[in-house]
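Novice: My structure is stored as my_file36.cif, with mmCIF, C-alpha atoms.
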data_start
#
loop_
_atom_site.label_atom_id
_atom_site.label_comp_id
_atom_site.auth_asym_id
_atom_site.auth_seq_id
_atom_site.Cartn_x
_atom_site.Cartn_y
_atom_site.Cartn_z
CA MET A 1 -19.02 4.78 -10.32
CA SER A 2 -17.85 8.31 -10.97
CA LEU A 3 -14.23 9.02 -10.05
CA LYS A 4 -14.62 12.79 -10.13
CA PHE A 5 -14.25 15.21 -7.27
CA LYS A 6 -17.96 15.90 -7.04
CA SER A 7 -18.47 12.35 -5.82
CA PHE A 8 -16.12 12.58 -2.81
CA ALA A 9 -18.87 12.53 -0.20
CA ALA A 10 -20.43 9.39 -1.58
CA LEU A 11 -17.11 7.72 -2.24
CA ALA A 12 -15.96 8.31 1.32
CA LEU A 13 -18.77 6.08 2.48
CA SER A 14 -18.09 3.41 -0.11
CA ALA A 15 -15.56 0.60 0.01
CA ALA A 16 -15.21 1.05 -3.71
CA MET A 17 -13.69 4.49 -3.30
CA MET A 18 -11.11 4.96 -5.98
CA PHE A 19 -8.80 7.62 -4.56
CA SER A 20 -7.39 6.26 -1.34
CA VAL A 21 -3.95 6.54 0.12
CA ALA A 22 -1.71 3.96 1.75
CA ALA A 23 0.87 3.15 4.34
CA CYS A 24 4.01 3.93 2.41
CA GLY A 25 4.83 3.76 -1.32
CA THR A 26 6.59 5.77 -4.03
CA THR A 27 8.51 6.09 -7.23
CA ASP A 28 12.28 5.72 -7.55
CA SER A 29 12.31 8.94 -9.54
CA GLY A 30 11.14 10.97 -6.57
CA ASP A 31 8.22 12.38 -8.57
CA ALA A 32 4.69 11.54 -7.49
CA LYS A 33 3.42 12.72 -10.86
CA SER A 34 4.96 9.70 -12.58
CA ASP A 35 2.84 7.39 -10.48
CA SER A 36 -0.30 9.42 -11.12
CA LYS A 37 -0.28 7.88 -14.59
CA ALA A 38 -1.76 4.70 -13.14
CA LYS A 39 -4.47 3.37 -15.37
CA ASN A 40 -8.06 4.17 -14.60
CA THR A 41 -8.99 0.53 -14.29
CA THR A 42 -10.76 -1.81 -11.93
CA VAL A 43 -9.78 -4.96 -13.83
CA GLY A 44 -6.80 -6.84 -12.46
CA TYR A 45 -3.94 -8.43 -14.36
CA ASP A 46 -4.77 -11.97 -15.51
CA VAL A 47 -2.62 -14.39 -13.47
CA SER A 48 -4.51 -17.54 -14.53
CA THR A 49 -1.68 -18.74 -16.78
CA ILE A 50 0.88 -18.84 -13.95
CA LYS A 51 1.95 -22.42 -13.36
CA LYS A 52 2.31 -24.10 -9.99
CA ASP A 53 5.88 -24.69 -8.85
CA ASP A 54 5.78 -28.14 -7.27
CA GLU A 55 8.89 -27.63 -5.15
CA LEU A 56 7.65 -24.33 -3.72
CA ALA A 57 4.17 -25.78 -3.23
CA LYS A 58 5.60 -28.50 -0.99
CA LEU A 59 7.55 -25.91 0.97
CA ALA A 60 4.45 -23.77 1.48
CA ALA A 61 2.39 -26.78 2.52
CA SER A 62 4.84 -27.44 5.35
CA ALA A 63 4.49 -23.89 6.72
CA LYS A 64 3.09 -23.34 10.21
CA THR A 65 0.01 -21.35 9.25
CA VAL A 66 -1.00 -22.51 5.75
CA LYS A 67 -3.88 -24.98 5.77
CA ASP A 68 -6.71 -26.35 3.64
CA GLY A 69 -4.93 -25.40 0.41
CA GLU A 70 -5.60 -21.73 1.04
CA LEU A 71 -3.35 -18.67 1.30
CA SER A 72 -5.10 -15.99 3.33
CA VAL A 73 -3.91 -12.41 2.92
CA GLY A 74 -4.80 -9.44 5.13
CA MET A 75 -5.36 -6.11 3.31
CA GLU A 76 -6.84 -2.71 4.03
CA LEU A 77 -8.92 -2.36 0.89
CA SER A 78 -8.88 1.39 0.38
CA TYR A 79 -5.44 1.91 -1.18
CA ALA A 80 -6.10 2.39 -4.90
CA PRO A 81 -4.26 1.29 -6.95
CA ALA A 82 -2.54 -1.07 -4.46
CA GLU A 83 -5.69 -2.67 -3.07
CA PHE A 84 -9.27 -1.47 -3.23
CA TYR A 85 -12.75 -2.54 -4.25
CA ALA A 86 -13.88 -2.55 -7.87
CA GLU A 87 -16.98 -0.69 -8.98
CA ASP A 88 -19.23 -3.48 -7.70
CA GLY A 89 -18.11 -2.61 -4.17
CA LYS A 90 -17.14 -6.19 -3.32
CA THR A 91 -14.38 -7.41 -5.66
CA PRO A 92 -10.83 -6.71 -4.40
CA VAL A 93 -8.51 -5.36 -7.13
CA GLY A 94 -5.12 -3.65 -7.33
CA TYR A 95 -1.47 -4.56 -7.74
CA ASP A 96 -1.19 -6.05 -4.24
CA VAL A 97 -4.26 -8.18 -4.98
CA ASP A 98 -2.70 -9.36 -8.25
CA MET A 99 0.59 -10.12 -6.48
CA SER A 100 -1.28 -12.11 -3.83
CA LYS A 101 -3.02 -14.15 -6.52
CA ALA A 102 0.23 -14.67 -8.43
CA ILE A 103 2.06 -15.86 -5.32
CA ALA A 104 -0.79 -18.21 -4.41
CA GLN A 105 -0.91 -19.57 -7.96
CA THR A 106 2.84 -20.23 -7.87
CA LEU A 107 2.48 -22.06 -4.55
CA GLY A 108 -0.51 -24.10 -5.72
CA LEU A 109 -2.83 -22.44 -3.22
CA LYS A 110 -6.18 -20.66 -3.43
CA PRO A 111 -5.89 -16.96 -2.51
CA LYS A 112 -8.24 -15.57 0.14
CA ILE A 113 -8.26 -11.79 0.54
CA VAL A 114 -9.31 -10.71 4.04
CA SER A 115 -10.47 -7.10 4.47
CA SER A 116 -8.83 -5.60 7.56
CA MET A 117 -8.03 -2.29 9.21
CA PHE A 118 -4.39 -1.46 8.57
CA ASP A 119 -3.32 -1.18 12.20
CA THR A 120 -4.71 -4.66 13.00
CA ILE A 121 -2.84 -6.55 10.28
CA VAL A 122 0.59 -7.09 11.88
CA PRO A 123 -0.90 -8.40 15.17
CA SER A 124 -3.07 -10.87 13.21
CA ILE A 125 -0.37 -12.44 11.02
CA GLY A 126 -0.23 -16.16 11.69
CA SER A 127 -3.62 -16.30 13.39
CA LYS A 128 -6.23 -14.55 11.24
CA TYR A 129 -4.28 -14.85 7.99
CA ASP A 130 -1.02 -16.19 6.55
CA LEU A 131 0.31 -13.02 4.94
CA GLY A 132 -0.11 -9.26 5.12
CA ILE A 133 0.22 -7.63 1.71
CA THR A 134 -0.97 -4.06 2.06
CA ALA A 135 1.64 -1.54 0.89
CA MET A 136 3.41 -1.93 4.23
CA THR A 137 6.78 -0.31 4.84
CA ILE A 138 9.42 -2.55 6.39
CA THR A 139 10.56 -0.89 9.63
CA GLU A 140 12.81 -2.03 12.48
CA GLU A 141 9.84 -1.88 14.81
CA ARG A 142 7.67 -4.11 12.62
CA LEU A 143 10.55 -6.54 12.11
CA GLN A 144 10.37 -7.29 15.82
CA SER A 145 6.85 -8.69 15.35
CA VAL A 146 6.84 -10.28 11.88
CA ASP A 147 9.15 -11.42 9.11
CA PHE A 148 9.11 -9.61 5.77
CA VAL A 149 9.82 -10.44 2.14
CA SER A 150 10.64 -7.24 0.23
CA TYR A 151 8.75 -6.68 -3.03
CA TYR A 152 8.47 -2.92 -3.70
CA ARG A 153 10.23 0.36 -2.98
CA ALA A 154 8.14 3.14 -1.54
CA GLY A 155 7.98 6.60 0.03
CA SER A 156 5.57 9.37 1.05
CA THR A 157 3.89 12.33 -0.61
CA TRP A 158 2.09 15.40 0.74
CA ALA A 159 -1.09 16.40 -1.10
CA VAL A 160 -3.17 19.56 -0.89
CA GLN A 161 -6.06 21.19 -2.69
CA LYS A 162 -5.16 22.54 -6.13
CA GLY A 163 -3.21 25.77 -5.89
CA ASN A 164 -2.20 25.11 -2.27
CA PRO A 165 -4.69 27.68 -0.85
CA LYS A 166 -3.16 27.51 2.65
CA LYS A 167 0.30 28.18 1.17
CA LEU A 168 1.82 25.21 2.97
CA ASP A 169 5.48 24.27 2.79
CA THR A 170 6.68 20.70 3.34
CA SER A 171 9.59 22.03 5.38
CA ASP A 172 7.23 23.60 7.92
CA MET A 173 3.84 22.01 8.58
CA CYS A 174 3.34 23.72 11.93
CA GLY A 175 -0.11 25.26 12.08
CA ALA A 176 -1.55 22.85 9.52
CA LYS A 177 -4.27 20.26 9.91
CA ILE A 178 -2.60 17.06 8.72
CA ALA A 179 -4.75 14.06 7.70
CA VAL A 180 -3.15 10.59 7.95
CA GLN A 181 -4.18 6.98 8.32
CA THR A 182 -3.97 5.34 11.72
CA GLY A 183 -0.99 3.03 12.23
CA THR A 184 1.02 4.22 9.25
CA VAL A 185 4.56 5.53 8.96
CA GLN A 186 3.04 8.83 7.87
CA GLU A 187 1.08 9.09 11.12
CA ASP A 188 4.31 8.62 13.08
CA GLU A 189 6.05 11.31 11.04
CA ALA A 190 3.15 13.74 11.38
CA ASN A 191 3.15 13.27 15.16
CA LYS A 192 6.89 14.00 15.26
CA ILE A 193 6.29 17.19 13.31
CA ALA A 194 3.49 18.23 15.67
CA LYS A 195 5.66 17.67 18.75
CA GLY A 196 8.28 20.00 17.33
CA CYS A 197 5.86 22.90 16.80
CA LYS A 198 5.65 25.90 19.12
CA ALA A 199 2.58 26.37 21.31
CA ASP A 200 1.32 29.30 19.27
CA LYS A 201 1.55 27.40 15.98
CA LYS A 202 0.60 23.82 16.69
CA ALA A 203 0.02 21.24 13.97
CA GLU A 204 -3.12 19.16 14.34
CA VAL A 205 -2.78 15.50 13.34
CA MET A 206 -6.12 14.10 12.18
CA SER A 207 -5.93 10.29 12.21
CA TYR A 208 -8.43 8.19 10.28
CA LYS A 209 -8.97 4.43 10.27
CA ARG A 210 -9.21 4.44 6.47
CA GLN A 211 -7.06 6.54 4.20
CA ALA A 212 -10.08 7.26 2.02
CA GLU A 213 -11.38 9.39 4.89
CA ALA A 214 -8.08 11.25 5.19
CA ALA A 215 -8.05 12.11 1.48
CA THR A 216 -11.68 13.19 1.62
CA ALA A 217 -10.92 15.46 4.58
CA VAL A 218 -8.50 17.46 2.42
CA ALA A 219 -10.75 17.43 -0.63
CA THR A 220 -13.63 18.89 1.40
CA GLY A 221 -11.50 21.37 3.36
CA LYS A 222 -11.78 19.70 6.75
CA ALA A 223 -8.00 19.15 6.71
CA ASP A 224 -5.29 21.17 4.98
CA VAL A 225 -3.03 18.40 3.74
CA PHE A 226 -2.71 14.62 3.72
CA TYR A 227 0.50 12.65 3.93
CA ALA A 228 0.47 9.25 2.28
CA ASP A 229 1.88 6.57 0.04
CA SER A 230 3.19 8.14 -3.17
CA PRO A 231 1.90 5.76 -5.88
CA VAL A 232 -1.47 5.71 -4.18
CA ALA A 233 -1.46 9.46 -3.57
CA GLY A 234 -0.54 9.96 -7.21
CA TYR A 235 -3.43 7.77 -8.28
CA ALA A 236 -5.76 9.67 -5.96
CA ILE A 237 -4.68 12.98 -7.45
CA SER A 238 -5.23 11.67 -10.98
CA GLN A 239 -8.83 10.79 -10.15
CA THR A 240 -9.89 14.18 -8.75
CA ASP A 241 -10.25 16.14 -11.99
CA GLY A 242 -7.45 18.52 -11.03
CA ARG A 243 -8.83 19.38 -7.58
CA LEU A 244 -5.83 17.99 -5.63
CA GLU A 245 -2.10 18.18 -6.25
CA ALA A 246 1.16 16.86 -4.82
CA LEU A 247 3.18 19.22 -2.65
CA GLY A 248 6.96 18.98 -2.80
CA ASP A 249 8.98 15.87 -3.61
CA VAL A 250 8.61 12.26 -2.53
CA GLU A 251 10.14 11.72 0.91
CA GLY A 252 11.47 8.77 2.88
CA VAL A 253 11.88 6.19 0.12
CA ALA A 254 11.95 2.72 1.70
CA LYS A 255 11.18 -0.92 0.95
CA GLN A 256 7.75 -2.44 1.38
CA GLY A 257 7.30 -6.03 2.39
CA ILE A 258 5.01 -9.03 2.63
CA ALA A 259 4.45 -9.72 6.32
CA ILE A 260 4.78 -13.33 7.52
CA LYS A 261 4.58 -14.92 10.97
CA LYS A 262 7.83 -14.41 12.84
CA GLY A 263 10.05 -17.47 12.57
CA ASP A 264 7.98 -19.35 9.94
CA GLN A 265 11.04 -20.19 7.87
CA GLN A 266 9.20 -22.47 5.44
CA LEU A 267 6.69 -19.80 4.47
CA ASP A 268 9.39 -17.12 4.44
CA GLU A 269 11.37 -19.14 1.92
CA ALA A 270 8.35 -20.19 -0.14
CA VAL A 271 7.12 -16.60 -0.52
CA GLN A 272 10.60 -15.18 -1.19
CA LYS A 273 11.26 -17.75 -3.92
CA ALA A 274 7.79 -17.28 -5.41
CA VAL A 275 8.21 -13.50 -5.60
CA GLN A 276 11.73 -13.86 -7.04
CA LYS A 277 10.40 -16.26 -9.67
CA LEU A 278 7.68 -13.76 -10.63
CA MET A 279 10.35 -11.05 -10.87
CA ASP A 280 12.63 -13.20 -13.00
CA ASP A 281 9.97 -14.38 -15.47
CA GLY A 282 8.55 -10.89 -16.00
CA THR A 283 5.14 -11.42 -14.39
CA TYR A 284 5.90 -9.07 -11.52
CA MET A 285 6.74 -6.18 -13.84
CA LYS A 286 3.68 -6.86 -15.99
CA ILE A 287 1.48 -6.54 -12.89
CA LEU A 288 3.09 -3.25 -11.87
CA LYS A 289 2.85 -1.86 -15.40
CA HIS A 290 -0.81 -2.85 -15.57
CA TRP A 291 -1.44 -0.45 -12.68
CA GLY A 292 1.10 2.19 -13.74
CA VAL A 293 3.36 1.83 -10.69
CA GLU A 294 6.42 0.13 -12.19
CA SER A 295 8.74 2.94 -11.05
CA GLY A 296 8.87 1.39 -7.57
CA ALA A 297 9.91 -2.07 -8.78
CA LEU A 298 12.67 -4.10 -7.14
CA ASP A 299 14.74 -6.77 -8.90
CA LYS A 300 15.46 -8.81 -5.78
CA ALA A 301 13.13 -10.23 -3.12
CA GLU A 302 14.80 -10.63 0.28
CA ILE A 303 13.79 -12.11 3.62
CA ASN A 304 14.16 -9.49 6.36
CA PRO A 305 16.44 -7.19 4.35
CA THR A 306 19.00 -5.22 6.34
CA ASP A 307 19.00 -2.35 3.84
CA LEU A 308 15.51 -0.89 4.24
CA ASN A 309 15.95 1.95 1.73
#
Represent the supplied structure as structure tokens.

Specialist:
Amino acid sequence: MSLKFKSFAALALSAAMMFSVAACGTTDSGDAKSDSKAKNTTVGYDVSTIKKDDELAKLAASAKTVKDGELSVGMELSYAPAEFYAEDGKTPVGYDVDMSKAIAQTLGLKPKIVSSMFDTIVPSIGSKYDLGITAMTITEERLQSVDFVSYYRAGSTWAVQKGNPKKLDTSDMCGAKIAVQTGTVQEDEANKIAKGCKADKKAEVMSYKRQAEAATAVATGKADVFYADSPVAGYAISQTDGRLEALGDVEGVAKQGIAIKKGDQQLDEAVQKAVQKLMDDGTYMKILKHWGVESGALDKAEINPTDLN
């Protein structure tokens, strides 16, 4: 499948679209360009050599939601390179997919990736699936509904057509048509911006169920700018043959987390220890490097961290 700009219209209709944007991610350096170096690949990191940890497997087996030897994970599969479909249009790939498989392997479980709309994932944790791993920012509001295990550090990037034809400025988006994904931190921020605009220079927030549609809206001129996850936005930019570019610096750097049913202490602990083990033995960093997003790496996995930045 072509990854070039000329294919935007077709890609927008395909689950295999390669330049999507997510719910909140970044680089520690504050430069989206560093994350645009993500490899042009649809082949995941090989986690088959990861060994089962018997102690953690027992802990996971005692969790409230885990059953039938399976670890189900909710994802919105249009966030390249975090989670998206490979060129066959049906195989989930990306660093969140690889992390899901690595965690499941460590816990002695079979991973099951469940395709979901982003804004439905938190409400479905514990019923439709065990975990939500989908480039999700940990926020105080979300912590009221689910538990989190931190595993990445993320922020947001604005992106426009090459050359910024509308001459937009990140400090003043009033008057702009802003494309975002429904249910994301970026949608909340865009709405705040719009509310602060004067009546004669209103900002229009264009909310899409899939971020692929938001990115396409800017590429085709329907929207002026999109606001999205930085590693994913950087990857999107790298795939458009120079037709899109980042605008300004990365904003709002914060931790991302693996969502777990509120109060499921056994699964909280099993996932936290599995992620920490993957961090300590180097597997975690190998996965991130495989996708070119290692700049957002953490060295400590925490359950419901109090420091969200």

Novice: I'd like to know which of A:Asp229, A:Glu70, A:Glu213, A:Glu55 is closest to Thr134 (chain A), using only C-alpha atoms.

Specialist: A:Asp229

Novice: Please, what distance in Å, to one decimal, runs between CA of Glu187 (chain A) and CA of Glu83 (chain A)?

Specialist: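 CA of Glu187 (chain A) sits 19.6 Å away from CA of Glu83 (chain A).
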
Novice: Selection in question (the file shown): the PyMOL selection byres ((chain A and resi 108) around 6). Which residues does it include, as a list in words?

Specialist: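 Output from the PyMOL selection byres ((chain A and resi 108) around 6), applied to this file: Lys52, Ala57, Gln105, Thr106, Leu107 and Leu109 of chain A.
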
Novice: CA of Ser295 (chain A) and CA of Ala246 (chain A), how far apart in Å?

Specialist: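 These atoms are spaced 17.0 Å apart.
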
Novice: Please expand the PyMOL selection byres ((chain A and resi 247) around 7) into the concrete residues it hits in this file, giving the result as a short mmCIF file (atom, residue, chain, number, x, y, z; two decimals) with C-alpha atoms, in the frame of the given file.

Specialist:
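part-v9.cif, freshly written:
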data_model
loop_
_atom_site.label_atom_id
_atom_site.label_comp_id
_atom_site.auth_asym_id
_atom_site.auth_seq_id
_atom_site.Cartn_x
_atom_site.Cartn_y
_atom_site.Cartn_z
CA TRP A 158 2.09 15.40 0.74
CA ALA A 159 -1.09 16.40 -1.10
CA VAL A 160 -3.17 19.56 -0.89
CA GLU A 245 -2.10 18.18 -6.25
CA ALA A 246 1.16 16.86 -4.82
CA GLY A 248 6.96 18.98 -2.80
CA ASP A 249 8.98 15.87 -3.61
#

Novice: List the neighbours of region 162-176 of chain A out to 12 Å using only C-alpha atoms; skip same-chain residues closer than 5 positions along the sequence, and give me the result as a PyMOL selection string.

Specialist: chain A and resi 5+156-157+189-206+218-227+237-238+240-251

Novice: With C-alpha atoms kept, could you save the residues just selected as an mmCIF file, in the frame of the given file?

Specialist:
data_model
loop_
_atom_site.group_PDB
_atom_site.id
_atom_site.type_symbol
_atom_site.label_atom_id
_atom_site.label_comp_id
_atom_site.auth_asym_id
_atom_site.auth_seq_id
_atom_site.Cartn_x
_atom_site.Cartn_y
_atom_site.Cartn_z
ATOM 1 C CA PHE A 5 -14.250 15.210 -7.270
ATOM 2 C CA SER A 156 5.570 9.370 1.050
ATOM 3 C CA THR A 157 3.890 12.330 -0.610
ATOM 4 C CA GLU A 189 6.050 11.310 11.040
ATOM 5 C CA ALA A 190 3.150 13.740 11.380
ATOM 6 C CA ASN A 191 3.150 13.270 15.160
ATOM 7 C CA LYS A 192 6.890 14.000 15.260
ATOM 8 C CA ILE A 193 6.290 17.190 13.310
ATOM 9 C CA ALA A 194 3.490 18.230 15.670
ATOM 10 C CA LYS A 195 5.660 17.670 18.750
ATOM 11 C CA GLY A 196 8.280 20.000 17.330
ATOM 12 C CA CYS A 197 5.860 22.900 16.800
ATOM 13 C CA LYS A 198 5.650 25.900 19.120
ATOM 14 C CA ALA A 199 2.580 26.370 21.310
ATOM 15 C CA ASP A 200 1.320 29.300 19.270
ATOM 16 C CA LYS A 201 1.550 27.400 15.980
ATOM 17 C CA LYS A 202 0.600 23.820 16.690
ATOM 18 C CA ALA A 203 0.020 21.240 13.970
ATOM 19 C CA GLU A 204 -3.120 19.160 14.340
ATOM 20 C CA VAL A 205 -2.780 15.500 13.340
ATOM 21 C CA MET A 206 -6.120 14.100 12.180
ATOM 22 C CA VAL A 218 -8.500 17.460 2.420
ATOM 23 C CA ALA A 219 -10.750 17.430 -0.630
ATOM 24 C CA THR A 220 -13.630 18.890 1.400
ATOM 25 C CA GLY A 221 -11.500 21.370 3.360
ATOM 26 C CA LYS A 222 -11.780 19.700 6.750
ATOM 27 C CA ALA A 223 -8.000 19.150 6.710
ATOM 28 C CA ASP A 224 -5.290 21.170 4.980
ATOM 29 C CA VAL A 225 -3.030 18.400 3.740
ATOM 30 C CA PHE A 226 -2.710 14.620 3.720
ATOM 31 C CA TYR A 227 0.500 12.650 3.930
ATOM 32 C CA ILE A 237 -4.680 12.980 -7.450
ATOM 33 C CA SER A 238 -5.230 11.670 -10.980
ATOM 34 C CA THR A 240 -9.890 14.180 -8.750
ATOM 35 C CA ASP A 241 -10.250 16.140 -11.990
ATOM 36 C CA GLY A 242 -7.450 18.520 -11.030
ATOM 37 C CA ARG A 243 -8.830 19.380 -7.580
ATOM 38 C CA LEU A 244 -5.830 17.990 -5.630
ATOM 39 C CA GLU A 245 -2.100 18.180 -6.250
ATOM 40 C CA ALA A 246 1.160 16.860 -4.820
ATOM 41 C CA LEU A 247 3.180 19.220 -2.650
ATOM 42 C CA GLY A 248 6.960 18.980 -2.800
ATOM 43 C CA ASP A 249 8.980 15.870 -3.610
ATOM 44 C CA VAL A 250 8.610 12.260 -2.530
ATOM 45 C CA GLU A 251 10.140 11.720 0.910
#

Novice: Quick one: contact table of region 90-159 of chain A to region 263-286 of chain A, 12 Å max, nearest atom pair and distance in Å to one decimal per residue, counting all atoms listed in the file, chain and number order, as JSON lines?

Specialist:
{"residue": "A:Tyr95", "atom": "CA", "partner": "A:Tyr284", "partner_atom": "CA", "distance": 9.4}
{"residue": "A:Asp96", "atom": "CA", "partner": "A:Tyr284", "partner_atom": "CA", "distance": 10.6}
{"residue": "A:Asp98", "atom": "CA", "partner": "A:Tyr284", "partner_atom": "CA", "distance": 9.2}
{"residue": "A:Met99", "atom": "CA", "partner": "A:Tyr284", "partner_atom": "CA", "distance": 7.4}
{"residue": "A:Ser100", "atom": "CA", "partner": "A:Val275", "partner_atom": "CA", "distance": 9.8}
{"residue": "A:Lys101", "atom": "CA", "partner": "A:Val275", "partner_atom": "CA", "distance": 11.3}
{"residue": "A:Ala102", "atom": "CA", "partner": "A:Leu278", "partner_atom": "CA", "distance": 7.8}
{"residue": "A:Ile103", "atom": "CA", "partner": "A:Ala274", "partner_atom": "CA", "distance": 5.9}
{"residue": "A:Ala104", "atom": "CA", "partner": "A:Ala274", "partner_atom": "CA", "distance": 8.7}
{"residue": "A:Gln105", "atom": "CA", "partner": "A:Ala274", "partner_atom": "CA", "distance": 9.4}
{"residue": "A:Thr106", "atom": "CA", "partner": "A:Ala274", "partner_atom": "CA", "distance": 6.3}
{"residue": "A:Leu107", "atom": "CA", "partner": "A:Ala274", "partner_atom": "CA", "distance": 7.2}
{"residue": "A:Gly108", "atom": "CA", "partner": "A:Ala274", "partner_atom": "CA", "distance": 10.7}
{"residue": "A:Leu109", "atom": "CA", "partner": "A:Ala270", "partner_atom": "CA", "distance": 11.8}
{"residue": "A:Ile125", "atom": "CA", "partner": "A:Asp264", "partner_atom": "CA", "distance": 10.9}
{"residue": "A:Gly126", "atom": "CA", "partner": "A:Asp264", "partner_atom": "CA", "distance": 9.0}
{"residue": "A:Asp130", "atom": "CA", "partner": "A:Leu267", "partner_atom": "CA", "distance": 8.8}
{"residue": "A:Leu131", "atom": "CA", "partner": "A:Leu267", "partner_atom": "CA", "distance": 9.3}
{"residue": "A:Gly132", "atom": "CA", "partner": "A:Val271", "partner_atom": "CA", "distance": 11.7}
{"residue": "A:Ile133", "atom": "CA", "partner": "A:Val271", "partner_atom": "CA", "distance": 11.5}
{"residue": "A:Leu143", "atom": "CA", "partner": "A:Gly263", "partner_atom": "CA", "distance": 11.0}
{"residue": "A:Gln144", "atom": "CA", "partner": "A:Gly263", "partner_atom": "CA", "distance": 10.7}
{"residue": "A:Ser145", "atom": "CA", "partner": "A:Gly263", "partner_atom": "CA", "distance": 9.7}
{"residue": "A:Val146", "atom": "CA", "partner": "A:Gly263", "partner_atom": "CA", "distance": 7.9}
{"residue": "A:Asp147", "atom": "CA", "partner": "A:Gly263", "partner_atom": "CA", "distance": 7.0}
{"residue": "A:Phe148", "atom": "CA", "partner": "A:Asp268", "partner_atom": "CA", "distance": 7.6}
{"residue": "A:Val149", "atom": "CA", "partner": "A:Gln272", "partner_atom": "CA", "distance": 5.8}
{"residue": "A:Ser150", "atom": "CA", "partner": "A:Gln272", "partner_atom": "CA", "distance": 8.1}
{"residue": "A:Tyr151", "atom": "CA", "partner": "A:Val275", "partner_atom": "CA", "distance": 7.3}
{"residue": "A:Tyr152", "atom": "CA", "partner": "A:Tyr284", "partner_atom": "CA", "distance": 10.3}

Novice: Axis-aligned box over every listed atom of region 153-171 of chain A, padded by 6 Å per side: centre and edges in Å to one decimal, as lines of an AutoDock Vina configuration file?

Specialist:
center_x = 2.1
center_y = 14.3
center_z = -0.4
size_x = 28.3
size_y = 39.8
size_z = 23.5

Novice: Can you spell out as a compact mmCIF listing (two decimals) with C-alpha atoms, in the coordinates of the input the set of residues that the PyMOL selection byres ((chain A and resi 290) around 9) selects in the structure I just provided?

Specialist:
# COMPACT_ATOMS: atom_id res chain seq x y z
CA ALA A 38 -1.76 4.70 -13.14
CA LYS A 39 -4.47 3.37 -15.37
CA THR A 41 -8.99 0.53 -14.29
CA GLY A 44 -6.80 -6.84 -12.46
CA TYR A 45 -3.94 -8.43 -14.36
CA TYR A 95 -1.47 -4.56 -7.74
CA MET A 285 6.74 -6.18 -13.84
CA LYS A 286 3.68 -6.86 -15.99
CA ILE A 287 1.48 -6.54 -12.89
CA LEU A 288 3.09 -3.25 -11.87
CA LYS A 289 2.85 -1.86 -15.40
CA TRP A 291 -1.44 -0.45 -12.68
CA GLY A 292 1.10 2.19 -13.74
CA VAL A 293 3.36 1.83 -10.69
CA GLU A 294 6.42 0.13 -12.19

Novice: Rank A:Pro81, A:Pro92, A:Gly69, A:Gly74 by their smallest atom-to-atom distance to Gln239 (chain A), using only C-alpha atoms, and report the top residue only.

Specialist: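 With only C-alpha atoms as the atom set, the closest residue is A:Pro81.
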
Novice: Mind giving me the straight-line distance from CA of Val93 (chain A) to CA of Val43 (chain A) in Å, one decimal?

Specialist: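 Separation between CA of Val93 (chain A) and CA of Val43 (chain A): 6.8 Å.
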
Novice: A:Glu141, A:Met136, A:Ala179, A:Ala236: which is nearest Gly257 (chain A), counting all atoms listed in the file?

Specialist: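 Nearest to Gly257 (chain A): A:Met136.
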